[in-house]
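Novice: Contents are CSV, C-alpha atoms; file name model_0.csv:
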```
chain,number,residue,atom,x,y,z
R,697,MET,CA,6.1,5.5,15.9
R,698,THR,CA,6.7,6.4,12.3
R,699,LYS,CA,9.4,8.9,11.7
R,700,THR,CA,9.1,11.3,8.9
R,701,PHE,CA,12.6,12.7,8.8
R,702,TYR,CA,16.0,11.7,10.1
R,703,ARG,CA,19.2,13.7,10.2
R,704,SER,CA,22.0,12.8,7.7
R,705,GLY,CA,25.0,15.0,7.8
R,706,ASP,CA,24.0,18.6,7.6
R,707,GLY,CA,20.6,18.1,6.0
R,708,LEU,CA,17.3,16.3,6.3
R,709,SER,CA,16.4,13.2,4.4
R,710,LEU,CA,13.1,11.5,3.9
R,711,SER,CA,12.8,8.2,5.8
R,712,ASP,CA,11.8,5.0,4.0
R,713,SER,CA,8.4,5.2,5.7
R,714,CYS,CA,7.4,8.1,3.4
R,715,LEU,CA,8.4,6.4,0.2
R,716,PRO,CA,5.1,4.5,-0.5
R,717,GLY,CA,3.1,7.7,-0.3
R,718,LEU,CA,5.6,9.5,-2.5
R,719,ARG,CA,5.6,6.7,-5.0
R,720,LEU,CA,1.8,6.7,-5.1
R,721,LEU,CA,1.9,10.5,-5.9
R,722,GLN,CA,4.3,9.7,-8.7
R,723,LEU,CA,2.2,6.9,-10.0
R,724,ILE,CA,-1.0,9.0,-10.2
R,725,SER,CA,0.6,12.3,-11.3
R,726,PRO,CA,-0.5,13.8,-14.6
R,727,ALA,CA,3.3,14.1,-15.3
R,728,LEU,CA,3.5,10.3,-15.6
R,729,PRO,CA,4.1,9.8,-19.4
R,730,THR,CA,1.2,7.5,-20.1
R,731,GLY,CA,-0.7,10.0,-22.2
R,732,ALA,CA,-3.8,10.2,-20.0
R,733,PHE,CA,-4.3,13.9,-21.0
R,734,THR,CA,-4.8,13.0,-24.6
R,735,TYR,CA,-8.1,11.0,-24.0
R,736,SER,CA,-11.5,12.3,-23.1
R,737,GLN,CA,-13.3,8.9,-23.1
R,738,GLY,CA,-16.3,10.1,-25.1
R,739,LEU,CA,-16.6,13.5,-23.5
R,740,GLU,CA,-15.5,15.3,-26.6
R,741,TRP,CA,-18.4,13.9,-28.6
R,742,ALA,CA,-20.8,14.4,-25.7
R,743,VAL,CA,-19.9,18.1,-25.8
R,744,GLU,CA,-20.0,18.3,-29.6
R,745,CYS,CA,-23.6,16.8,-29.8
R,746,GLY,CA,-24.9,18.9,-26.9
R,747,TRP,CA,-25.2,16.3,-24.2
R,748,VAL,CA,-22.8,18.2,-22.1
R,749,ARG,CA,-23.1,22.0,-22.2
R,750,ASN,CA,-22.3,23.4,-18.8
R,751,GLN,CA,-20.9,22.7,-15.4
R,752,GLY,CA,-24.0,20.9,-14.2
R,753,ASP,CA,-24.1,18.6,-17.3
R,754,THR,CA,-20.4,17.9,-16.7
R,755,ARG,CA,-21.0,17.0,-13.1
R,756,ARG,CA,-23.7,14.5,-14.0
R,757,TRP,CA,-21.6,13.0,-16.8
R,758,LEU,CA,-18.6,12.4,-14.5
R,759,GLN,CA,-20.8,11.1,-11.7
R,760,SER,CA,-22.3,8.6,-14.0
R,761,VAL,CA,-18.9,7.3,-15.2
R,762,LEU,CA,-17.6,7.2,-11.6
R,763,SER,CA,-20.7,5.2,-10.5
R,764,GLY,CA,-21.1,3.0,-13.6
R,765,ASN,CA,-17.6,2.4,-14.6
R,766,LEU,CA,-15.0,3.0,-11.9
R,767,ARG,CA,-17.2,1.7,-9.0
R,768,CYS,CA,-18.5,-1.4,-10.9
R,769,LEU,CA,-15.6,-2.3,-13.1
R,770,GLU,CA,-12.2,-0.6,-12.8
R,771,LEU,CA,-11.8,-0.5,-9.0
R,772,PRO,CA,-13.0,-4.1,-8.4
R,773,VAL,CA,-10.6,-5.3,-11.1
R,774,LEU,CA,-7.8,-3.2,-9.6
R,775,ILE,CA,-8.5,-4.9,-6.2
R,776,ARG,CA,-8.2,-8.3,-7.8
R,777,LEU,CA,-5.1,-7.5,-9.7
R,778,TYR,CA,-3.4,-6.1,-6.6
R,779,GLU,CA,-4.3,-9.2,-4.6
R,780,ALA,CA,-3.1,-11.5,-7.4
R,781,ALA,CA,0.2,-9.6,-7.6
R,782,LYS,CA,0.6,-9.8,-3.8
R,783,GLY,CA,-0.1,-13.5,-3.9
R,784,ASP,CA,2.1,-14.1,-7.0
R,785,ASN,CA,-0.9,-15.6,-8.7
R,786,HIS,CA,-0.1,-15.2,-12.4
R,787,GLU,CA,-3.2,-17.0,-13.6
R,788,MET,CA,-5.6,-14.6,-11.8
R,789,PHE,CA,-3.5,-11.6,-12.7
R,790,HIS,CA,-3.7,-12.4,-16.4
R,791,TYR,CA,-7.4,-13.3,-16.1
R,792,TRP,CA,-8.5,-10.0,-14.7
R,793,SER,CA,-6.2,-7.9,-17.0
R,794,HIS,CA,-7.9,-9.6,-20.0
R,795,TRP,CA,-11.3,-9.2,-18.4
R,796,LEU,CA,-10.9,-5.5,-18.1
R,797,TYR,CA,-9.8,-5.2,-21.7
R,798,ALA,CA,-12.8,-7.3,-22.9
R,799,ASN,CA,-15.1,-4.8,-21.1
R,800,ARG,CA,-13.8,-1.9,-23.2
R,801,GLU,CA,-16.8,-1.4,-25.5
R,802,THR,CA,-15.3,0.5,-28.5
R,803,SER,CA,-12.1,0.3,-30.5
R,804,GLU,CA,-11.0,3.7,-29.2
R,805,LEU,CA,-11.3,2.6,-25.6
R,806,ARG,CA,-9.5,-0.7,-26.3
R,807,ASP,CA,-6.7,1.2,-28.1
R,808,GLU,CA,-6.5,3.6,-25.1
R,809,GLU,CA,-6.2,0.6,-22.7
R,810,THR,CA,-3.3,-1.0,-24.5
R,811,GLN,CA,-1.5,2.2,-25.4
R,812,ARG,CA,-1.5,3.5,-21.8
R,813,ALA,CA,-0.7,0.0,-20.5
R,814,ARG,CA,2.4,-0.2,-22.7
R,815,ALA,CA,3.4,3.4,-21.8
R,816,LEU,CA,3.2,2.6,-18.1
R,817,ASP,CA,5.1,-0.7,-18.6
R,818,ALA,CA,7.9,1.3,-20.2
R,819,VAL,CA,8.0,3.7,-17.3
R,820,LEU,CA,8.1,0.9,-14.8
R,821,VAL,CA,11.0,-0.8,-16.6
R,822,ASN,CA,12.9,2.5,-16.7
R,823,LEU,CA,12.5,2.9,-13.0
R,824,ALA,CA,13.2,-0.7,-12.0
R,825,ASP,CA,16.4,-2.3,-10.8
R,826,ARG,CA,17.7,-5.5,-12.3
R,827,GLU,CA,15.7,-7.8,-10.0
R,828,HIS,CA,12.5,-5.8,-10.5
R,829,ARG,CA,12.9,-5.9,-14.3
R,830,ARG,CA,13.0,-9.6,-14.2
R,831,GLU,CA,9.7,-9.6,-12.3
R,832,LEU,CA,8.2,-7.2,-14.8
R,833,GLU,CA,9.2,-9.6,-17.6
R,834,ASP,CA,7.3,-12.4,-15.9
R,835,TRP,CA,4.1,-10.4,-16.0
R,836,ARG,CA,4.7,-8.7,-19.4
R,837,ASP,CA,1.6,-10.0,-21.3
R,838,ALA,CA,-0.8,-8.7,-18.7
R,839,LEU,CA,1.2,-5.4,-18.2
R,840,ARG,CA,0.9,-4.6,-21.9
R,841,GLN,CA,-2.8,-5.6,-22.1
R,842,CYS,CA,-4.2,-3.5,-19.2
R,843,GLN,CA,-2.9,-0.4,-17.5
R,844,LEU,CA,-4.4,-1.4,-14.2
R,845,ALA,CA,-2.0,-4.3,-14.2
R,846,GLY,CA,0.9,-1.9,-14.1
R,847,TYR,CA,-0.7,0.1,-11.2
R,848,ALA,CA,-1.2,-3.1,-9.2
R,849,LEU,CA,2.3,-4.5,-9.7
R,850,ALA,CA,3.9,-1.1,-9.0
R,851,ALA,CA,1.9,-0.8,-5.8
R,852,LYS,CA,3.0,-4.2,-4.7
R,853,HIS,CA,6.7,-3.5,-5.4
R,854,TRP,CA,6.5,0.0,-3.8
R,855,HIS,CA,4.5,-1.2,-0.7
R,856,ILE,CA,1.5,1.0,-1.5
R,857,GLN,CA,-1.5,0.1,0.6
R,858,LEU,CA,-4.6,-1.1,-1.4
R,859,THR,CA,-7.0,1.6,-0.1
R,860,ASP,CA,-4.4,4.3,-0.9
R,861,LEU,CA,-4.0,2.9,-4.4
R,862,LEU,CA,-7.8,2.8,-5.0
R,863,GLN,CA,-8.3,6.4,-3.8
R,864,GLY,CA,-5.2,7.6,-5.7
R,865,TYR,CA,-6.3,6.0,-9.0
R,866,THR,CA,-9.8,7.4,-8.7
R,867,TRP,CA,-8.5,10.8,-8.0
R,868,SER,CA,-6.2,10.6,-11.0
R,869,TRP,CA,-9.0,9.6,-13.3
R,870,LEU,CA,-11.2,12.4,-12.0
R,871,GLU,CA,-8.4,15.0,-12.4
R,872,ASN,CA,-7.8,14.0,-16.0
R,873,ALA,CA,-11.5,14.0,-16.8
R,874,VAL,CA,-12.0,17.5,-15.3
R,875,ALA,CA,-8.9,18.7,-17.2
R,876,ALA,CA,-10.5,17.5,-20.4
R,877,ALA,CA,-13.8,19.2,-19.5
R,878,ILE,CA,-12.1,22.5,-18.8
R,879,LYS,CA,-10.9,22.5,-22.5
R,880,LEU,CA,-14.1,21.1,-24.1
R,881,VAL,CA,-17.1,22.6,-22.3
R,882,PRO,CA,-15.4,25.0,-21.5
R,883,LEU,CA,-15.5,25.4,-17.7
R,884,GLY,CA,-12.6,27.6,-16.8
R,885,GLN,CA,-10.0,26.8,-14.2
R,886,THR,CA,-12.1,27.9,-11.2
R,887,GLY,CA,-15.1,25.9,-12.4
R,888,GLY,CA,-12.9,22.8,-12.8
R,889,GLN,CA,-11.5,23.2,-9.3
R,890,ARG,CA,-15.1,23.4,-8.0
R,891,LEU,CA,-16.0,20.2,-9.8
R,892,LEU,CA,-12.9,18.4,-8.4
R,893,PHE,CA,-13.8,19.7,-4.9
R,894,GLU,CA,-17.4,18.5,-5.1
R,895,LEU,CA,-16.9,15.1,-6.9
R,896,SER,CA,-13.8,14.1,-4.8
R,897,THR,CA,-16.1,13.8,-1.7
R,898,ASP,CA,-17.6,10.7,-3.4
R,899,ILE,CA,-14.3,8.9,-3.7
R,900,GLY,CA,-14.4,7.3,-0.3
R,901,VAL,CA,-17.9,5.9,-0.8
R,902,ILE,CA,-17.0,4.6,-4.3
R,903,VAL,CA,-13.9,2.8,-3.0
R,904,GLU,CA,-15.9,1.2,-0.2
R,905,GLN,CA,-18.6,0.0,-2.5
R,906,ALA,CA,-16.0,-1.3,-5.0
R,907,ALA,CA,-14.4,-3.3,-2.2
R,908,THR,CA,-17.6,-5.3,-1.6
R,909,THR,CA,-18.4,-6.0,-5.2
R,910,GLU,CA,-18.7,-9.7,-6.0
R,911,ASP,CA,-17.0,-11.2,-9.0
R,912,SER,CA,-20.3,-11.9,-10.7
R,913,ALA,CA,-21.3,-8.2,-10.4
R,914,ILE,CA,-18.1,-6.8,-12.1
R,915,GLY,CA,-18.8,-5.0,-15.4
R,916,ALA,CA,-19.4,-1.6,-16.9
R,917,SER,CA,-22.8,0.0,-17.2
R,918,THR,CA,-22.2,3.2,-19.0
R,919,PRO,CA,-24.1,3.1,-22.4
R,920,ALA,CA,-23.8,6.8,-23.0
R,921,LEU,CA,-20.1,6.7,-22.7
R,922,ALA,CA,-20.0,3.7,-25.1
R,923,ILE,CA,-22.2,5.5,-27.6
R,924,ALA,CA,-20.2,8.7,-27.4
R,925,SER,CA,-16.9,6.9,-27.7
R,926,SER,CA,-18.0,5.0,-30.8
R,927,LEU,CA,-19.3,8.1,-32.5
R,928,HIS,CA,-16.1,10.0,-31.6
R,929,GLU,CA,-14.2,7.6,-33.8
R,930,THR,CA,-15.7,9.4,-36.9
R,931,GLN,CA,-16.0,12.9,-35.4
R,932,TYR,CA,-14.8,15.4,-38.0
R,933,SER,CA,-12.6,17.7,-35.8
R,934,ARG,CA,-11.1,16.3,-32.6
R,935,LEU,CA,-8.7,17.4,-29.8
R,936,PHE,CA,-8.6,14.1,-28.1
R,937,ARG,CA,-7.9,10.5,-29.1
R,938,SER,CA,-11.1,9.1,-27.5
```
What does the file become when written as structure tokens?
Specialist:
Amino acid sequence: MTKTFYRSGDGLSLSDSCLPGLRLLQLISPALPTGAFTYSQGLEWAVECGWVRNQGDTRRWLQSVLSGNLRCLELPVLIRLYEAAKGDNHEMFHYWSHWLYANRETSELRDEETQRARALDAVLVNLADREHRRELEDWRDALRQCQLAGYALAAKHWHIQLTDLLQGYTWSWLENAVAAAIKLVPLGQTGGQRLLFELSTDIGVIVEQAATTEDSAIGASTPALAIASSLHETQYSRLFRS
């Protein structure tokens, strides 16, 4: 039986069995200083040019990215990074971190990848004890190339289960995307919550499909996102960095 609380002196303390879940919440929180809130991943240009004008358009845009990017690229790569970290396989860890970076189709998306990777690496170093810092140093090249590498290594160190990590990462991406849409479309807070409620029901299926993706099938298929991101690089007035 898993205990949630134990008595310590006059108060209640969380048992160690709760820590992986709490560490996952910290890892996916918008408060994590990796700058996720400063990126729209092409949505800003899609709104500017009229591709996305209302809640229905936003739902279709986000569904296409969930299906064509997270399901086919990011989640399968995250699975392999997690397994490589668990198996202490440096070669595979570096291979998949560079594979993800190579699949970022615009300079903005590549900059976002490395900037958020380095920010997450800095957070993990700050939270680590001396032994864990030495481990982070061993994986540094991959950690500064691809933000998913940081997620995978943190999940290994904090004993976060793979399915929980995949679901948590997908939720985090969706929450940030909806937050950007609230500012850009605009949707309003209630409309944003409705989108989160509706789209989050797809997370379980997306994770299951990502788990069965073969190596040869891993890759992005989101041309509209790539076009929007490339054109956003020269957009005259911008709120977001991508």
Novice: Using only C-alpha atoms, what does the table of range 850-934 of chain R residues within 9 Å of range 709-731 of chain R look like, with each row giving the shortest atom pair and its distance in Å to one decimal, sorted by chain and ascending number, as JSON lines?
Specialist:
```
{"residue": "R:Ala850", "atom": "CA", "partner": "R:Leu723", "partner_atom": "CA", "distance": 8.2}
{"residue": "R:Ala851", "atom": "CA", "partner": "R:Leu720", "partner_atom": "CA", "distance": 7.5}
{"residue": "R:Trp854", "atom": "CA", "partner": "R:Pro716", "partner_atom": "CA", "distance": 5.8}
{"residue": "R:His855", "atom": "CA", "partner": "R:Pro716", "partner_atom": "CA", "distance": 5.7}
{"residue": "R:Ile856", "atom": "CA", "partner": "R:Pro716", "partner_atom": "CA", "distance": 5.1}
{"residue": "R:Gln857", "atom": "CA", "partner": "R:Pro716", "partner_atom": "CA", "distance": 8.0}
{"residue": "R:Asp860", "atom": "CA", "partner": "R:Leu720", "partner_atom": "CA", "distance": 7.9}
{"residue": "R:Leu861", "atom": "CA", "partner": "R:Leu720", "partner_atom": "CA", "distance": 7.0}
{"residue": "R:Gly864", "atom": "CA", "partner": "R:Ile724", "partner_atom": "CA", "distance": 6.3}
{"residue": "R:Tyr865", "atom": "CA", "partner": "R:Ile724", "partner_atom": "CA", "distance": 6.2}
{"residue": "R:Trp867", "atom": "CA", "partner": "R:Ile724", "partner_atom": "CA", "distance": 8.0}
{"residue": "R:Ser868", "atom": "CA", "partner": "R:Ile724", "partner_atom": "CA", "distance": 5.5}
{"residue": "R:Trp869", "atom": "CA", "partner": "R:Ile724", "partner_atom": "CA", "distance": 8.6}
{"residue": "R:Glu871", "atom": "CA", "partner": "R:Pro726", "partner_atom": "CA", "distance": 8.3}
{"residue": "R:Asn872", "atom": "CA", "partner": "R:Pro726", "partner_atom": "CA", "distance": 7.4}
```
Novice: Have a look at R:Asn765, R:Ser912, R:Ser736, R:Ser803 and name the one nearest to Thr866 in chain R; count only C-alpha atoms.
Specialist: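 Ranking R:Asn765, R:Ser912, R:Ser736, R:Ser803 by distance to Thr866 in chain R, first place goes to R:Asn765.
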Novice: What separation in Å, quoted to one decimal, exists between CA of Thr918 in chain R and CA of Ala845 in chain R?
Specialist: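 These two atoms are separated by 22.1 Å.
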Novice: Around (-3.8, 3.6, -20.7) in the file's frame, which residues reach within 10 Å when counting all atoms listed in the file? Return as a list in words?
Specialist: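 Counting all atoms listed in the file, I find these residues within 10 Å of (-3.8, 3.6, -20.7): Thr730, Gly731, Ala732, Tyr735, Leu805, Arg806, Asp807, Glu808, Glu809, Thr810, Gln811, Arg812, Ala813, Arg814, Ala815, Leu816, Arg840, Gln841, Cys842, Gln843, Leu844 and Gly846 of chain R.
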Novice: Compile the contact shell of range 770-773 of chain R as a CSV table (one decimal) with C-alpha atoms, in the frame of the given file: residues with an atom at most 12 Å away, counting only C-alpha atoms, same-chain residues fewer than 4 positions apart removed.
Specialist:
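Result file is around.csv:
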```csv
chain,number,residue,atom,x,y,z
R,761,VAL,CA,-18.9,7.3,-15.2
R,762,LEU,CA,-17.6,7.2,-11.6
R,763,SER,CA,-20.7,5.2,-10.5
R,764,GLY,CA,-21.1,3.0,-13.6
R,765,ASN,CA,-17.6,2.4,-14.6
R,766,LEU,CA,-15.0,3.0,-11.9
R,777,LEU,CA,-5.1,-7.5,-9.7
R,778,TYR,CA,-3.4,-6.1,-6.6
R,779,GLU,CA,-4.3,-9.2,-4.6
R,780,ALA,CA,-3.1,-11.5,-7.4
R,788,MET,CA,-5.6,-14.6,-11.8
R,789,PHE,CA,-3.5,-11.6,-12.7
R,790,HIS,CA,-3.7,-12.4,-16.4
R,791,TYR,CA,-7.4,-13.3,-16.1
R,792,TRP,CA,-8.5,-10.0,-14.7
R,793,SER,CA,-6.2,-7.9,-17.0
R,794,HIS,CA,-7.9,-9.6,-20.0
R,795,TRP,CA,-11.3,-9.2,-18.4
R,796,LEU,CA,-10.9,-5.5,-18.1
R,797,TYR,CA,-9.8,-5.2,-21.7
R,799,ASN,CA,-15.1,-4.8,-21.1
R,800,ARG,CA,-13.8,-1.9,-23.2
R,809,GLU,CA,-6.2,0.6,-22.7
R,842,CYS,CA,-4.2,-3.5,-19.2
R,843,GLN,CA,-2.9,-0.4,-17.5
R,844,LEU,CA,-4.4,-1.4,-14.2
R,845,ALA,CA,-2.0,-4.3,-14.2
R,847,TYR,CA,-0.7,0.1,-11.2
R,848,ALA,CA,-1.2,-3.1,-9.2
R,858,LEU,CA,-4.6,-1.1,-1.4
R,859,THR,CA,-7.0,1.6,-0.1
R,860,ASP,CA,-4.4,4.3,-0.9
R,861,LEU,CA,-4.0,2.9,-4.4
R,862,LEU,CA,-7.8,2.8,-5.0
R,863,GLN,CA,-8.3,6.4,-3.8
R,864,GLY,CA,-5.2,7.6,-5.7
R,865,TYR,CA,-6.3,6.0,-9.0
R,866,THR,CA,-9.8,7.4,-8.7
R,867,TRP,CA,-8.5,10.8,-8.0
R,869,TRP,CA,-9.0,9.6,-13.3
R,899,ILE,CA,-14.3,8.9,-3.7
R,900,GLY,CA,-14.4,7.3,-0.3
R,902,ILE,CA,-17.0,4.6,-4.3
R,903,VAL,CA,-13.9,2.8,-3.0
R,904,GLU,CA,-15.9,1.2,-0.2
R,905,GLN,CA,-18.6,0.0,-2.5
R,906,ALA,CA,-16.0,-1.3,-5.0
R,907,ALA,CA,-14.4,-3.3,-2.2
R,908,THR,CA,-17.6,-5.3,-1.6
R,909,THR,CA,-18.4,-6.0,-5.2
R,910,GLU,CA,-18.7,-9.7,-6.0
R,911,ASP,CA,-17.0,-11.2,-9.0
R,912,SER,CA,-20.3,-11.9,-10.7
R,913,ALA,CA,-21.3,-8.2,-10.4
R,914,ILE,CA,-18.1,-6.8,-12.1
R,915,GLY,CA,-18.8,-5.0,-15.4
R,916,ALA,CA,-19.4,-1.6,-16.9
R,917,SER,CA,-22.8,0.0,-17.2
```
Novice: Mind giving me the straight-line distance from CA of Leu921 in chain R to CA of Thr897 in chain R in Å, one decimal?
Specialist: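 Going from CA of Leu921 in chain R over to CA of Thr897 in chain R covers 22.5 Å.
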Novice: What separation in Å, quoted to one decimal, exists between CA of Trp741 in chain R and CA of Trp757 in chain R?
Specialist: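 Rounded to one decimal, the two atoms are 12.3 Å apart.
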Novice: Just checking: using all atoms listed in the file, which residue out of R:Asp837, R:Asp898, R:Asp784, R:Glu804 ends up closest to His853 in chain R?
Specialist: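 Comparing R:Asp837, R:Asp898, R:Asp784, R:Glu804 against His853 in chain R, the winner is R:Asp784.
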Novice: For a quick check of understanding, using only C-alpha atoms, which of R:Leu935, R:Ala824, R:Leu758, R:Leu769 has the smallest distance to Lys879 in chain R?
Specialist: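 Closest to Lys879 in chain R, using only C-alpha atoms: R:Leu935.
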Novice: Residues within 9 Å of range 743-756 of chain R, please, as an mmCIF file with C-alpha atoms, in the frame of the given file. Count all atoms listed in the file; anything in the same chain fewer than 2 positions from it doesn't count.
Specialist:
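Writing done, so here's selection.cif:
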```cif
data_model
loop_
_atom_site.group_PDB
_atom_site.id
_atom_site.type_symbol
_atom_site.label_atom_id
_atom_site.label_comp_id
_atom_site.auth_asym_id
_atom_site.auth_seq_id
_atom_site.Cartn_x
_atom_site.Cartn_y
_atom_site.Cartn_z
ATOM 1 C CA GLY R 738 -16.300 10.100 -25.100
ATOM 2 C CA LEU R 739 -16.600 13.500 -23.500
ATOM 3 C CA GLU R 740 -15.500 15.300 -26.600
ATOM 4 C CA TRP R 741 -18.400 13.900 -28.600
ATOM 5 C CA LEU R 758 -18.600 12.400 -14.500
ATOM 6 C CA GLN R 759 -20.800 11.100 -11.700
ATOM 7 C CA SER R 760 -22.300 8.600 -14.000
ATOM 8 C CA VAL R 761 -18.900 7.300 -15.200
ATOM 9 C CA VAL R 874 -12.000 17.500 -15.300
ATOM 10 C CA ALA R 877 -13.800 19.200 -19.500
ATOM 11 C CA LEU R 880 -14.100 21.100 -24.100
ATOM 12 C CA VAL R 881 -17.100 22.600 -22.300
ATOM 13 C CA PRO R 882 -15.400 25.000 -21.500
ATOM 14 C CA LEU R 883 -15.500 25.400 -17.700
ATOM 15 C CA GLY R 887 -15.100 25.900 -12.400
ATOM 16 C CA GLY R 888 -12.900 22.800 -12.800
ATOM 17 C CA LEU R 891 -16.000 20.200 -9.800
ATOM 18 C CA GLU R 894 -17.400 18.500 -5.100
ATOM 19 C CA LEU R 895 -16.900 15.100 -6.900
ATOM 20 C CA GLN R 931 -16.000 12.900 -35.400
#
```
Novice: With all atoms listed in the file as the atoms that count, which of R:Gln885, R:Gln737, R:Arg776, R:Asp817 lies nearest to Phe936 in chain R?
Specialist: R:Gln737
Novice: Using only C-alpha atoms for the distances, tell me which of R:Ile878, R:Ala920, R:Leu892, R:Leu849 is nearest to Gly783 in chain R.
Specialist: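 Closest residue, counting only C-alpha atoms: R:Leu849.
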Novice: Output requested as a compact mmCIF listing (two decimals), in the frame of the given file - range 844-859 of chain R, filled out with N, CA and C atoms.
Specialist:
```txt
# COMPACT_ATOMS: atom_id res chain seq x y z
N LEU R 844 -4.20 -1.11 -15.58
CA LEU R 844 -4.40 -1.40 -14.20
C LEU R 844 -3.42 -2.44 -13.66
N ALA R 845 -3.00 -3.33 -14.54
CA ALA R 845 -2.00 -4.30 -14.20
C ALA R 845 -0.71 -3.67 -13.72
N GLY R 846 -0.31 -2.63 -14.45
CA GLY R 846 0.90 -1.90 -14.10
C GLY R 846 0.75 -1.18 -12.76
N TYR R 847 -0.42 -0.58 -12.52
CA TYR R 847 -0.70 0.10 -11.20
C TYR R 847 -0.57 -0.94 -10.10
N ALA R 848 -1.19 -2.11 -10.29
CA ALA R 848 -1.20 -3.10 -9.20
C ALA R 848 0.19 -3.64 -8.92
N LEU R 849 0.97 -3.93 -9.95
CA LEU R 849 2.30 -4.50 -9.70
C LEU R 849 3.24 -3.43 -9.13
N ALA R 850 3.11 -2.19 -9.58
CA ALA R 850 3.90 -1.10 -9.00
C ALA R 850 3.57 -0.92 -7.53
N ALA R 851 2.28 -0.97 -7.21
CA ALA R 851 1.90 -0.80 -5.80
C ALA R 851 2.41 -1.91 -4.94
N LYS R 852 2.41 -3.12 -5.45
CA LYS R 852 3.00 -4.20 -4.70
C LYS R 852 4.49 -3.99 -4.46
N HIS R 853 5.20 -3.63 -5.50
CA HIS R 853 6.70 -3.50 -5.40
C HIS R 853 7.02 -2.26 -4.51
N TRP R 854 6.22 -1.21 -4.57
CA TRP R 854 6.50 0.00 -3.80
C TRP R 854 5.83 0.03 -2.44
N HIS R 855 5.17 -1.06 -2.06
CA HIS R 855 4.50 -1.20 -0.70
C HIS R 855 3.44 -0.15 -0.51
N ILE R 856 2.68 0.12 -1.56
CA ILE R 856 1.50 1.00 -1.50
C ILE R 856 0.33 0.25 -0.97
N GLN R 857 -0.35 0.75 0.03
CA GLN R 857 -1.50 0.10 0.60
C GLN R 857 -2.67 0.11 -0.45
N LEU R 858 -3.50 -0.93 -0.41
CA LEU R 858 -4.60 -1.10 -1.40
C LEU R 858 -5.55 0.11 -1.36
N THR R 859 -6.00 0.50 -0.17
CA THR R 859 -7.00 1.60 -0.10
C THR R 859 -6.36 2.90 -0.66
```
